[in-house]
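Asks: Next comes work-v6.txt, compact mmCIF, N, CA and C atoms and all ligand atoms:
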```txt
# COMPACT_ATOMS: atom_id res chain seq x y z
N VAL A 715 -0.61 -15.14 -8.20
CA VAL A 715 -2.04 -15.22 -7.84
C VAL A 715 -2.86 -14.43 -8.85
N THR A 716 -3.65 -15.12 -9.64
CA THR A 716 -4.38 -14.43 -10.69
C THR A 716 -5.89 -14.47 -10.51
N ASN A 717 -6.37 -15.20 -9.48
CA ASN A 717 -7.83 -15.26 -9.34
C ASN A 717 -8.39 -13.89 -8.97
N ALA A 718 -9.46 -13.51 -9.66
CA ALA A 718 -10.02 -12.17 -9.48
C ALA A 718 -10.74 -12.10 -8.14
N ARG A 719 -10.43 -11.06 -7.40
CA ARG A 719 -11.12 -10.84 -6.12
C ARG A 719 -11.67 -9.42 -6.13
N ALA A 720 -12.81 -9.26 -5.51
CA ALA A 720 -13.35 -7.91 -5.39
C ALA A 720 -12.41 -7.11 -4.50
N GLU A 721 -12.01 -5.93 -4.97
CA GLU A 721 -11.17 -5.06 -4.15
C GLU A 721 -11.96 -4.65 -2.91
N PRO A 722 -11.40 -4.85 -1.72
CA PRO A 722 -12.13 -4.41 -0.53
C PRO A 722 -12.31 -2.89 -0.54
N LYS A 723 -13.44 -2.45 -0.05
CA LYS A 723 -13.69 -1.00 0.04
C LYS A 723 -12.77 -0.40 1.10
N LEU A 724 -12.21 0.76 0.77
CA LEU A 724 -11.31 1.40 1.72
C LEU A 724 -12.08 1.94 2.92
N LEU A 725 -11.41 1.94 4.06
CA LEU A 725 -12.04 2.37 5.31
C LEU A 725 -12.69 3.74 5.17
N VAL A 726 -11.97 4.69 4.58
CA VAL A 726 -12.50 6.06 4.51
C VAL A 726 -13.81 6.10 3.71
N ASP A 727 -13.92 5.27 2.68
CA ASP A 727 -15.16 5.21 1.89
C ASP A 727 -16.28 4.54 2.68
N ARG A 728 -15.93 3.49 3.42
CA ARG A 728 -16.95 2.82 4.24
C ARG A 728 -17.50 3.76 5.30
N LEU A 729 -16.60 4.55 5.89
CA LEU A 729 -17.04 5.47 6.95
C LEU A 729 -17.91 6.57 6.38
N ARG A 730 -17.56 7.04 5.18
CA ARG A 730 -18.37 8.06 4.52
C ARG A 730 -19.77 7.50 4.27
N ALA A 731 -19.83 6.24 3.82
CA ALA A 731 -21.11 5.62 3.49
C ALA A 731 -22.00 5.49 4.72
N ARG A 732 -21.39 5.29 5.90
CA ARG A 732 -22.23 5.16 7.09
C ARG A 732 -22.33 6.49 7.85
N SER A 733 -21.98 7.57 7.17
CA SER A 733 -22.05 8.94 7.69
C SER A 733 -21.49 9.08 9.10
N TRP A 734 -20.27 8.62 9.24
CA TRP A 734 -19.48 8.80 10.46
C TRP A 734 -19.10 10.27 10.53
N ARG A 735 -19.19 10.86 11.71
CA ARG A 735 -18.86 12.27 11.84
C ARG A 735 -17.36 12.47 11.57
N MET A 736 -17.06 13.13 10.44
CA MET A 736 -15.68 13.26 9.96
C MET A 736 -15.08 14.61 10.31
N THR A 737 -14.35 14.69 11.39
CA THR A 737 -13.55 15.89 11.62
C THR A 737 -12.27 15.72 10.81
N VAL A 738 -11.50 16.81 10.68
CA VAL A 738 -10.24 16.72 9.95
C VAL A 738 -9.35 15.65 10.58
N GLN A 739 -9.32 15.62 11.93
CA GLN A 739 -8.45 14.67 12.61
C GLN A 739 -8.90 13.23 12.38
N ARG A 740 -10.22 13.02 12.51
CA ARG A 740 -10.73 11.67 12.31
C ARG A 740 -10.57 11.22 10.86
N ARG A 741 -10.75 12.15 9.92
CA ARG A 741 -10.57 11.77 8.52
C ARG A 741 -9.11 11.40 8.27
N THR A 742 -8.19 12.16 8.87
CA THR A 742 -6.77 11.87 8.68
C THR A 742 -6.43 10.46 9.18
N ILE A 743 -6.96 10.10 10.33
CA ILE A 743 -6.72 8.76 10.88
C ILE A 743 -7.31 7.70 9.94
N ALA A 744 -8.52 7.94 9.45
CA ALA A 744 -9.15 7.00 8.52
C ALA A 744 -8.32 6.88 7.24
N GLU A 745 -7.76 8.00 6.80
CA GLU A 745 -6.96 7.95 5.57
C GLU A 745 -5.65 7.18 5.78
N VAL A 746 -5.06 7.33 6.96
CA VAL A 746 -3.85 6.55 7.26
C VAL A 746 -4.15 5.05 7.16
N LEU A 747 -5.39 4.69 7.51
CA LEU A 747 -5.79 3.28 7.52
C LEU A 747 -6.46 2.86 6.21
N SER A 748 -6.39 3.69 5.19
CA SER A 748 -7.09 3.38 3.94
C SER A 748 -6.12 3.02 2.83
N ALA A 749 -5.53 1.85 2.95
CA ALA A 749 -4.64 1.33 1.92
C ALA A 749 -4.61 -0.18 2.10
N PRO A 750 -4.16 -0.92 1.09
CA PRO A 750 -4.11 -2.37 1.26
C PRO A 750 -3.04 -2.79 2.27
N ASP A 751 -3.27 -3.91 2.93
CA ASP A 751 -2.27 -4.52 3.81
C ASP A 751 -1.77 -3.59 4.90
N ILE A 752 -2.70 -2.84 5.50
CA ILE A 752 -2.33 -1.96 6.61
C ILE A 752 -2.54 -2.71 7.92
N HIS A 753 -1.49 -2.83 8.72
CA HIS A 753 -1.57 -3.46 10.03
C HIS A 753 -0.65 -2.68 10.96
N LEU A 754 -1.06 -1.46 11.29
CA LEU A 754 -0.19 -0.55 12.04
C LEU A 754 -0.48 -0.63 13.54
N THR A 755 0.53 -0.30 14.34
CA THR A 755 0.30 -0.10 15.77
C THR A 755 -0.32 1.29 15.95
N ALA A 756 -0.90 1.53 17.13
CA ALA A 756 -1.48 2.84 17.41
C ALA A 756 -0.42 3.94 17.29
N GLU A 757 0.79 3.66 17.74
CA GLU A 757 1.86 4.66 17.65
C GLU A 757 2.22 4.97 16.20
N GLN A 758 2.20 3.93 15.36
CA GLN A 758 2.49 4.17 13.93
C GLN A 758 1.38 4.99 13.29
N VAL A 759 0.14 4.72 13.68
CA VAL A 759 -0.98 5.53 13.17
C VAL A 759 -0.79 6.98 13.61
N PHE A 760 -0.42 7.16 14.88
CA PHE A 760 -0.19 8.50 15.43
C PHE A 760 0.91 9.22 14.64
N ASP A 761 2.04 8.55 14.40
CA ASP A 761 3.15 9.18 13.67
C ASP A 761 2.72 9.62 12.27
N ARG A 762 1.99 8.74 11.58
CA ARG A 762 1.58 9.07 10.21
C ARG A 762 0.54 10.18 10.21
N ALA A 763 -0.39 10.12 11.15
CA ALA A 763 -1.43 11.14 11.21
C ALA A 763 -0.81 12.49 11.54
N ARG A 764 0.18 12.47 12.43
CA ARG A 764 0.83 13.71 12.86
C ARG A 764 1.59 14.37 11.74
N SER A 765 2.09 13.57 10.78
CA SER A 765 2.82 14.21 9.69
C SER A 765 1.85 14.94 8.76
N ALA A 766 0.57 14.59 8.81
CA ALA A 766 -0.44 15.32 8.02
C ALA A 766 -1.08 16.43 8.84
N VAL A 767 -1.35 16.17 10.11
CA VAL A 767 -2.00 17.14 10.99
C VAL A 767 -1.16 17.24 12.26
N PRO A 768 -0.16 18.14 12.26
CA PRO A 768 0.82 18.18 13.36
C PRO A 768 0.19 18.35 14.74
N GLU A 769 -0.97 18.99 14.83
CA GLU A 769 -1.54 19.26 16.16
C GLU A 769 -2.38 18.09 16.69
N ILE A 770 -2.48 17.02 15.94
CA ILE A 770 -3.32 15.89 16.40
C ILE A 770 -2.72 15.31 17.69
N SER A 771 -3.58 14.93 18.61
CA SER A 771 -3.07 14.39 19.88
C SER A 771 -3.10 12.87 19.87
N ARG A 772 -2.24 12.32 20.70
CA ARG A 772 -2.18 10.86 20.84
C ARG A 772 -3.54 10.34 21.32
N ALA A 773 -4.19 11.09 22.25
CA ALA A 773 -5.49 10.65 22.78
C ALA A 773 -6.54 10.55 21.68
N THR A 774 -6.53 11.53 20.76
CA THR A 774 -7.49 11.49 19.64
C THR A 774 -7.28 10.22 18.81
N VAL A 775 -6.01 9.90 18.56
CA VAL A 775 -5.72 8.71 17.76
C VAL A 775 -6.21 7.45 18.49
N TYR A 776 -5.88 7.34 19.76
CA TYR A 776 -6.28 6.15 20.52
C TYR A 776 -7.80 6.04 20.64
N ASN A 777 -8.46 7.18 20.92
CA ASN A 777 -9.93 7.15 21.04
C ASN A 777 -10.59 6.81 19.72
N THR A 778 -10.07 7.36 18.64
CA THR A 778 -10.65 7.10 17.32
C THR A 778 -10.47 5.62 16.96
N LEU A 779 -9.29 5.08 17.24
CA LEU A 779 -9.07 3.65 16.95
C LEU A 779 -10.05 2.80 17.76
N ALA A 780 -10.25 3.15 19.04
CA ALA A 780 -11.19 2.38 19.88
C ALA A 780 -12.60 2.47 19.31
N ASP A 781 -13.00 3.66 18.83
CA ASP A 781 -14.31 3.83 18.21
C ASP A 781 -14.45 2.93 16.99
N LEU A 782 -13.43 2.96 16.13
CA LEU A 782 -13.49 2.19 14.88
C LEU A 782 -13.56 0.69 15.18
N VAL A 783 -12.86 0.27 16.23
CA VAL A 783 -12.91 -1.14 16.62
C VAL A 783 -14.31 -1.49 17.11
N SER A 784 -14.90 -0.61 17.94
CA SER A 784 -16.23 -0.96 18.48
C SER A 784 -17.30 -0.88 17.39
N MET A 785 -17.06 -0.08 16.34
CA MET A 785 -17.97 -0.04 15.19
C MET A 785 -17.80 -1.26 14.28
N GLY A 786 -16.74 -2.04 14.51
CA GLY A 786 -16.48 -3.19 13.65
C GLY A 786 -15.83 -2.83 12.33
N GLU A 787 -15.33 -1.58 12.22
CA GLU A 787 -14.70 -1.16 10.96
C GLU A 787 -13.20 -1.46 10.95
N VAL A 788 -12.63 -1.68 12.12
CA VAL A 788 -11.21 -2.00 12.25
C VAL A 788 -11.10 -3.16 13.24
N VAL A 789 -10.19 -4.07 12.94
CA VAL A 789 -10.04 -5.25 13.80
C VAL A 789 -8.65 -5.22 14.44
N GLU A 790 -8.60 -5.54 15.72
CA GLU A 790 -7.31 -5.65 16.40
C GLU A 790 -6.70 -7.01 16.10
N VAL A 791 -5.45 -7.05 15.72
CA VAL A 791 -4.79 -8.33 15.47
C VAL A 791 -3.47 -8.40 16.22
N GLN A 792 -3.11 -9.60 16.63
CA GLN A 792 -1.85 -9.87 17.33
C GLN A 792 -1.12 -10.92 16.50
N LEU A 793 -0.31 -10.51 15.58
CA LEU A 793 0.34 -11.48 14.68
C LEU A 793 1.84 -11.50 14.88
N VAL A 794 2.38 -10.43 15.42
CA VAL A 794 3.81 -10.33 15.66
C VAL A 794 3.99 -9.84 17.10
N PRO A 795 5.15 -10.13 17.69
CA PRO A 795 5.36 -9.67 19.07
C PRO A 795 5.23 -8.15 19.14
N GLY A 796 4.80 -7.65 20.28
CA GLY A 796 4.68 -6.20 20.43
C GLY A 796 3.24 -5.76 20.51
N PRO A 797 3.03 -4.46 20.37
CA PRO A 797 1.67 -3.93 20.56
C PRO A 797 0.68 -4.44 19.51
N THR A 798 -0.59 -4.37 19.85
CA THR A 798 -1.69 -4.71 18.95
C THR A 798 -1.57 -3.94 17.64
N ARG A 799 -1.94 -4.62 16.54
CA ARG A 799 -1.99 -3.96 15.23
C ARG A 799 -3.45 -3.70 14.89
N TYR A 800 -3.68 -2.65 14.12
CA TYR A 800 -5.04 -2.30 13.70
C TYR A 800 -5.22 -2.60 12.22
N ASP A 801 -6.17 -3.46 11.93
CA ASP A 801 -6.39 -3.96 10.57
C ASP A 801 -7.72 -3.40 10.04
N PRO A 802 -7.64 -2.47 9.06
CA PRO A 802 -8.87 -1.85 8.55
C PRO A 802 -9.59 -2.70 7.51
N ASN A 803 -9.04 -3.84 7.18
CA ASN A 803 -9.68 -4.70 6.18
C ASN A 803 -10.74 -5.56 6.88
N ALA A 804 -11.62 -4.91 7.63
CA ALA A 804 -12.68 -5.62 8.35
C ALA A 804 -13.83 -5.83 7.38
N GLY A 805 -14.58 -6.86 7.57
CA GLY A 805 -15.72 -7.09 6.68
C GLY A 805 -15.34 -7.88 5.46
N THR A 806 -14.05 -7.98 5.17
CA THR A 806 -13.59 -8.83 4.08
C THR A 806 -12.82 -9.97 4.72
N PRO A 807 -13.41 -11.16 4.75
CA PRO A 807 -12.70 -12.25 5.43
C PRO A 807 -11.33 -12.46 4.80
N HIS A 808 -10.33 -12.48 5.63
CA HIS A 808 -8.99 -12.73 5.10
C HIS A 808 -8.10 -13.29 6.21
N HIS A 809 -6.97 -13.78 5.79
CA HIS A 809 -5.99 -14.35 6.71
C HIS A 809 -4.67 -13.63 6.46
N HIS A 810 -3.60 -14.06 7.11
CA HIS A 810 -2.38 -13.27 7.04
C HIS A 810 -1.15 -14.10 6.70
N LEU A 811 -0.25 -13.43 6.00
CA LEU A 811 1.07 -13.97 5.69
C LEU A 811 2.07 -13.03 6.36
N VAL A 812 2.86 -13.59 7.28
CA VAL A 812 3.74 -12.76 8.12
C VAL A 812 5.19 -13.09 7.82
N CYS A 813 6.01 -12.07 7.61
CA CYS A 813 7.45 -12.30 7.49
C CYS A 813 8.04 -12.36 8.89
N GLU A 814 8.65 -13.50 9.22
CA GLU A 814 9.19 -13.70 10.57
C GLU A 814 10.41 -12.84 10.82
N ARG A 815 10.99 -12.29 9.74
CA ARG A 815 12.21 -11.52 9.92
C ARG A 815 11.93 -10.03 10.09
N CYS A 816 11.15 -9.45 9.15
CA CYS A 816 10.93 -7.99 9.22
C CYS A 816 9.55 -7.65 9.77
N GLY A 817 8.70 -8.65 9.96
CA GLY A 817 7.40 -8.38 10.56
C GLY A 817 6.35 -7.88 9.58
N LYS A 818 6.69 -7.86 8.28
CA LYS A 818 5.71 -7.43 7.27
C LYS A 818 4.49 -8.36 7.29
N ILE A 819 3.30 -7.77 7.24
CA ILE A 819 2.06 -8.55 7.28
C ILE A 819 1.24 -8.27 6.02
N VAL A 820 0.85 -9.33 5.32
CA VAL A 820 0.09 -9.19 4.08
C VAL A 820 -1.22 -9.96 4.24
N ASP A 821 -2.30 -9.40 3.69
CA ASP A 821 -3.58 -10.10 3.69
C ASP A 821 -3.59 -11.18 2.62
N VAL A 822 -4.04 -12.37 2.97
CA VAL A 822 -4.11 -13.46 1.99
C VAL A 822 -5.45 -14.18 2.10
N HIS A 823 -5.77 -14.93 1.06
CA HIS A 823 -7.05 -15.63 0.98
C HIS A 823 -6.78 -17.09 0.66
N PRO A 824 -6.39 -17.87 1.68
CA PRO A 824 -6.03 -19.26 1.43
C PRO A 824 -7.22 -20.07 0.91
N GLU A 825 -6.90 -21.04 0.07
CA GLU A 825 -7.95 -21.90 -0.47
C GLU A 825 -8.05 -23.17 0.36
N GLY A 826 -9.23 -23.79 0.33
CA GLY A 826 -9.41 -25.07 1.02
C GLY A 826 -9.88 -24.92 2.45
N LEU A 827 -10.03 -23.68 2.93
CA LEU A 827 -10.43 -23.51 4.32
C LEU A 827 -11.83 -24.04 4.59
N ALA A 828 -12.72 -23.91 3.58
CA ALA A 828 -14.10 -24.36 3.78
C ALA A 828 -14.15 -25.85 4.07
N ALA A 829 -13.14 -26.57 3.59
CA ALA A 829 -13.14 -28.02 3.78
C ALA A 829 -12.34 -28.43 5.02
N LEU A 830 -11.76 -27.45 5.68
CA LEU A 830 -10.93 -27.76 6.84
C LEU A 830 -11.80 -28.15 8.05
N THR A 831 -11.51 -29.29 8.63
CA THR A 831 -12.31 -29.75 9.78
C THR A 831 -11.38 -30.22 10.89
N LEU A 832 -11.95 -30.29 12.07
CA LEU A 832 -11.22 -30.84 13.20
C LEU A 832 -11.62 -32.30 13.40
N HIS A 833 -10.71 -33.07 13.90
CA HIS A 833 -11.05 -34.42 14.32
C HIS A 833 -12.11 -34.29 15.42
N PRO A 834 -13.17 -35.12 15.36
CA PRO A 834 -14.25 -35.01 16.36
C PRO A 834 -13.73 -35.00 17.80
N GLU A 835 -12.65 -35.73 18.05
CA GLU A 835 -12.09 -35.75 19.41
C GLU A 835 -11.51 -34.38 19.80
N ASP A 836 -10.92 -33.70 18.82
CA ASP A 836 -10.36 -32.38 19.09
C ASP A 836 -11.47 -31.34 19.24
N GLN A 837 -12.49 -31.49 18.43
CA GLN A 837 -13.55 -30.48 18.44
C GLN A 837 -14.46 -30.62 19.65
N GLY A 838 -14.69 -31.86 20.09
CA GLY A 838 -15.57 -32.08 21.23
C GLY A 838 -16.93 -31.47 20.97
N ASP A 839 -17.47 -30.78 21.95
CA ASP A 839 -18.80 -30.17 21.80
C ASP A 839 -18.70 -28.72 21.33
N CYS A 840 -17.51 -28.29 20.95
CA CYS A 840 -17.33 -26.89 20.56
C CYS A 840 -17.95 -26.63 19.19
N LYS A 841 -18.69 -25.53 19.07
CA LYS A 841 -19.25 -25.13 17.79
C LYS A 841 -18.27 -24.14 17.16
N ILE A 842 -17.69 -24.51 16.03
CA ILE A 842 -16.69 -23.64 15.40
C ILE A 842 -17.38 -22.47 14.71
N GLU A 843 -16.92 -21.26 15.01
CA GLU A 843 -17.54 -20.07 14.39
C GLU A 843 -16.61 -19.37 13.41
N SER A 844 -15.33 -19.53 13.60
CA SER A 844 -14.41 -18.93 12.63
C SER A 844 -13.08 -19.66 12.68
N ILE A 845 -12.33 -19.49 11.61
CA ILE A 845 -11.00 -20.10 11.51
C ILE A 845 -10.03 -19.00 11.13
N GLU A 846 -8.92 -18.93 11.84
CA GLU A 846 -7.88 -17.95 11.50
C GLU A 846 -6.63 -18.70 11.12
N VAL A 847 -6.04 -18.32 10.00
CA VAL A 847 -4.83 -18.99 9.56
C VAL A 847 -3.73 -17.95 9.38
N THR A 848 -2.56 -18.24 9.91
CA THR A 848 -1.41 -17.36 9.70
C THR A 848 -0.30 -18.15 9.04
N PHE A 849 0.11 -17.70 7.86
CA PHE A 849 1.24 -18.28 7.16
C PHE A 849 2.47 -17.50 7.60
N ARG A 850 3.55 -18.19 7.97
CA ARG A 850 4.76 -17.49 8.39
C ARG A 850 5.94 -17.91 7.51
N GLY A 851 6.76 -16.93 7.20
CA GLY A 851 7.92 -17.25 6.37
C GLY A 851 8.81 -16.05 6.26
N ARG A 852 9.53 -15.94 5.13
CA ARG A 852 10.40 -14.79 4.90
C ARG A 852 9.98 -14.12 3.61
N CYS A 853 9.74 -12.82 3.67
CA CYS A 853 9.30 -12.09 2.48
C CYS A 853 10.43 -12.00 1.47
N ALA A 854 10.10 -11.56 0.27
CA ALA A 854 11.07 -11.50 -0.83
C ALA A 854 12.33 -10.73 -0.45
N SER A 855 12.16 -9.61 0.29
CA SER A 855 13.37 -8.82 0.57
C SER A 855 14.15 -9.38 1.76
N CYS A 856 13.61 -10.39 2.44
CA CYS A 856 14.32 -10.94 3.61
C CYS A 856 15.02 -12.26 3.33
N HIS A 857 14.63 -12.98 2.28
CA HIS A 857 15.39 -14.21 2.04
C HIS A 857 16.45 -13.94 1.00
N GLU A 858 17.71 -14.27 1.36
CA GLU A 858 18.80 -13.92 0.46
C GLU A 858 19.09 -15.01 -0.53
ZN ZN B 1 10.63 -9.58 5.51
ZN ZN B 2 -5.24 -8.05 7.55
```
Will you turn the file into structure tokens for me?

Replies:
Amino acid sequence: VTNARAEPKLLVDRLRARSWRMTVQRRTIAEVLSAPDIHLTAEQVFDRARSAVPEISRATVYNTLADLVSMGEVVEVQLVPGPTRYDPNAGTPHHHLVCERCGKIVDVHPEGLAALTLHPEDQGDCKIESIEVTFRGRCASCHE
């Protein structure tokens, strides 16, 4: 894939720009979520945050994630079985490529979506507002 795309702004930078009140704990959570292709469960965020700030509580992590979701800075996604994943790549429209074996989730930008339509019978009177596409397969380290 060689087409140039604008690098999405990292969550921690977006939060700084909107002057979100940054405590050490909240900044740590934002930093855990500030990398490409992050789709962690709340428990995984908690584990990573705790390795940086051992005294951080599970409640702080859950409350902060809920705040970020209601601010629209993080999106909840359900792409693999199990708990909800938190996707900080909000504001940059993207879709997902999921490894069915190890559960790895990568952000992708499929082409041709703008031309994708439903048969009028399928669409009925529904006004389409968004399209979500999930590609599923086996990642490089899972196919032998
Ligand atoms: Zn895999
Ligand atoms: Zn994503």

Asks: Neighbours of ligand ZN 2 (chain B) within 12 Å, counting only C-alpha atoms and all ligand atoms, as a PyMOL selection string?

Replies: chain A and resi 722+747+749-754+788-793+799-812+818-823+846-848

Asks: Kindly assemble as JSON lines a list of the chain A residues that lie within 7 Å of ligand ZN 1 (chain B), each paired with its nearest atom pair and their distance in Å to one decimal, using all atoms listed in the file, sorted first by chain and then by ascending residue number.

Replies:
```
{"residue": "A:Val812", "atom": "C", "partner": "B:ZN1", "partner_atom": "ZN", "distance": 6.9}
{"residue": "A:Cys813", "atom": "CA", "partner": "B:ZN1", "partner_atom": "ZN", "distance": 4.6}
{"residue": "A:Glu814", "atom": "N", "partner": "B:ZN1", "partner_atom": "ZN", "distance": 5.7}
{"residue": "A:Arg815", "atom": "C", "partner": "B:ZN1", "partner_atom": "ZN", "distance": 4.8}
{"residue": "A:Cys816", "atom": "N", "partner": "B:ZN1", "partner_atom": "ZN", "distance": 3.7}
{"residue": "A:Gly817", "atom": "N", "partner": "B:ZN1", "partner_atom": "ZN", "distance": 4.9}
{"residue": "A:Lys818", "atom": "N", "partner": "B:ZN1", "partner_atom": "ZN", "distance": 5.1}
{"residue": "A:Gly851", "atom": "C", "partner": "B:ZN1", "partner_atom": "ZN", "distance": 6.8}
{"residue": "A:Arg852", "atom": "C", "partner": "B:ZN1", "partner_atom": "ZN", "distance": 5.0}
{"residue": "A:Cys853", "atom": "N", "partner": "B:ZN1", "partner_atom": "ZN", "distance": 3.8}
{"residue": "A:Ala854", "atom": "N", "partner": "B:ZN1", "partner_atom": "ZN", "distance": 5.6}
{"residue": "A:Ser855", "atom": "C", "partner": "B:ZN1", "partner_atom": "ZN", "distance": 5.1}
{"residue": "A:Cys856", "atom": "N", "partner": "B:ZN1", "partner_atom": "ZN", "distance": 4.4}
{"residue": "A:His857", "atom": "N", "partner": "B:ZN1", "partner_atom": "ZN", "distance": 6.2}
```

Asks: Between atom N of Ala756 of chain A and atom N of Met736 of chain A, what is the distance, to one decimal in Å?

Replies: 21.0 Å

Asks: In the coordinates of the file, take the point (-5.8, 12.5, 11.5) and a cut-off of 10 Å; then, counting only C-alpha atoms, name each qualifying protein, DNA or RNA residue as a list in words.

Replies: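 Collected hits near the coordinates: Thr737, Val738, Gln739, Arg740, Arg741, Thr742, Ile743, Ala744, Glu745, Val746, Val759, Phe760, Asp761, Arg762, Ala763, Arg764, Ser765, Ala766, Val767, Pro768, Glu769, Ile770, Ser771, Thr774, Val775 and Thr778 of chain A.
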
Asks: If you measure from atom N of Tyr776 of chain A to atom CA of Gly796 of chain A, what distance in Å do you get, rounded to one decimal?

Replies: 17.2 Å

Asks: Please report the interatomic distance between atom N of Asp727 of chain A and atom N of Leu827 of chain A in Å with one decimal.

Replies: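 So the answer is 29.2 Å.
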
Asks: Using only C-alpha atoms, which of A:Arg850, A:Pro834, A:Cys840, A:Ala773 sits nearest Val794 of chain A?

Replies: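 Of A:Arg850, A:Pro834, A:Cys840, A:Ala773, the one nearest Val794 of chain A, counting only C-alpha atoms, is A:Arg850.
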
Asks: Since fewer atoms than expected are present, regenerate all heavy atoms for segment 823-829 of chain A and write them as an mmCIF file, in the coordinates of the input.

Replies:
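The resulting file, part.cif, is shown below:
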```cif
data_model
loop_
_atom_site.group_PDB
_atom_site.id
_atom_site.type_symbol
_atom_site.label_atom_id
_atom_site.label_comp_id
_atom_site.auth_asym_id
_atom_site.auth_seq_id
_atom_site.Cartn_x
_atom_site.Cartn_y
_atom_site.Cartn_z
ATOM 1 N N HIS A 823 -5.770 -14.930 1.060
ATOM 2 C CA HIS A 823 -7.050 -15.630 0.980
ATOM 3 C C HIS A 823 -6.780 -17.090 0.660
ATOM 4 O O HIS A 823 -6.894 -17.509 -0.490
ATOM 5 C CB HIS A 823 -7.933 -14.963 -0.089
ATOM 6 C CG HIS A 823 -8.151 -13.512 0.184
ATOM 7 N ND1 HIS A 823 -7.209 -12.546 -0.130
ATOM 8 C CD2 HIS A 823 -9.163 -12.862 0.793
ATOM 9 C CE1 HIS A 823 -7.655 -11.355 0.259
ATOM 10 N NE2 HIS A 823 -8.833 -11.518 0.815
ATOM 11 N N PRO A 824 -6.390 -17.870 1.680
ATOM 12 C CA PRO A 824 -6.030 -19.260 1.430
ATOM 13 C C PRO A 824 -7.220 -20.070 0.910
ATOM 14 O O PRO A 824 -8.365 -19.802 1.265
ATOM 15 C CB PRO A 824 -5.584 -19.782 2.801
ATOM 16 C CG PRO A 824 -6.152 -18.842 3.797
ATOM 17 C CD PRO A 824 -6.295 -17.529 3.108
ATOM 18 N N GLU A 825 -6.900 -21.040 0.070
ATOM 19 C CA GLU A 825 -7.950 -21.900 -0.470
ATOM 20 C C GLU A 825 -8.050 -23.170 0.360
ATOM 21 O O GLU A 825 -7.105 -23.564 1.024
ATOM 22 C CB GLU A 825 -7.624 -22.237 -1.928
ATOM 23 C CG GLU A 825 -7.791 -21.005 -2.800
ATOM 24 C CD GLU A 825 -7.292 -21.202 -4.217
ATOM 25 O OE1 GLU A 825 -6.929 -22.340 -4.575
ATOM 26 O OE2 GLU A 825 -7.274 -20.202 -4.945
ATOM 27 N N GLY A 826 -9.230 -23.790 0.330
ATOM 28 C CA GLY A 826 -9.410 -25.070 1.020
ATOM 29 C C GLY A 826 -9.880 -24.920 2.450
ATOM 30 O O GLY A 826 -10.111 -25.921 3.128
ATOM 31 N N LEU A 827 -10.030 -23.680 2.930
ATOM 32 C CA LEU A 827 -10.430 -23.510 4.320
ATOM 33 C C LEU A 827 -11.830 -24.040 4.590
ATOM 34 O O LEU A 827 -12.105 -24.549 5.675
ATOM 35 C CB LEU A 827 -10.385 -22.031 4.715
ATOM 36 C CG LEU A 827 -9.029 -21.510 5.175
ATOM 37 C CD1 LEU A 827 -9.175 -20.071 5.631
ATOM 38 C CD2 LEU A 827 -8.484 -22.368 6.298
ATOM 39 N N ALA A 828 -12.720 -23.910 3.580
ATOM 40 C CA ALA A 828 -14.100 -24.360 3.780
ATOM 41 C C ALA A 828 -14.150 -25.850 4.070
ATOM 42 O O ALA A 828 -15.075 -26.335 4.712
ATOM 43 C CB ALA A 828 -14.941 -24.021 2.548
ATOM 44 N N ALA A 829 -13.140 -26.570 3.590
ATOM 45 C CA ALA A 829 -13.140 -28.020 3.780
ATOM 46 C C ALA A 829 -12.340 -28.430 5.020
ATOM 47 O O ALA A 829 -12.249 -29.615 5.340
ATOM 48 C CB ALA A 829 -12.542 -28.689 2.538
#
```
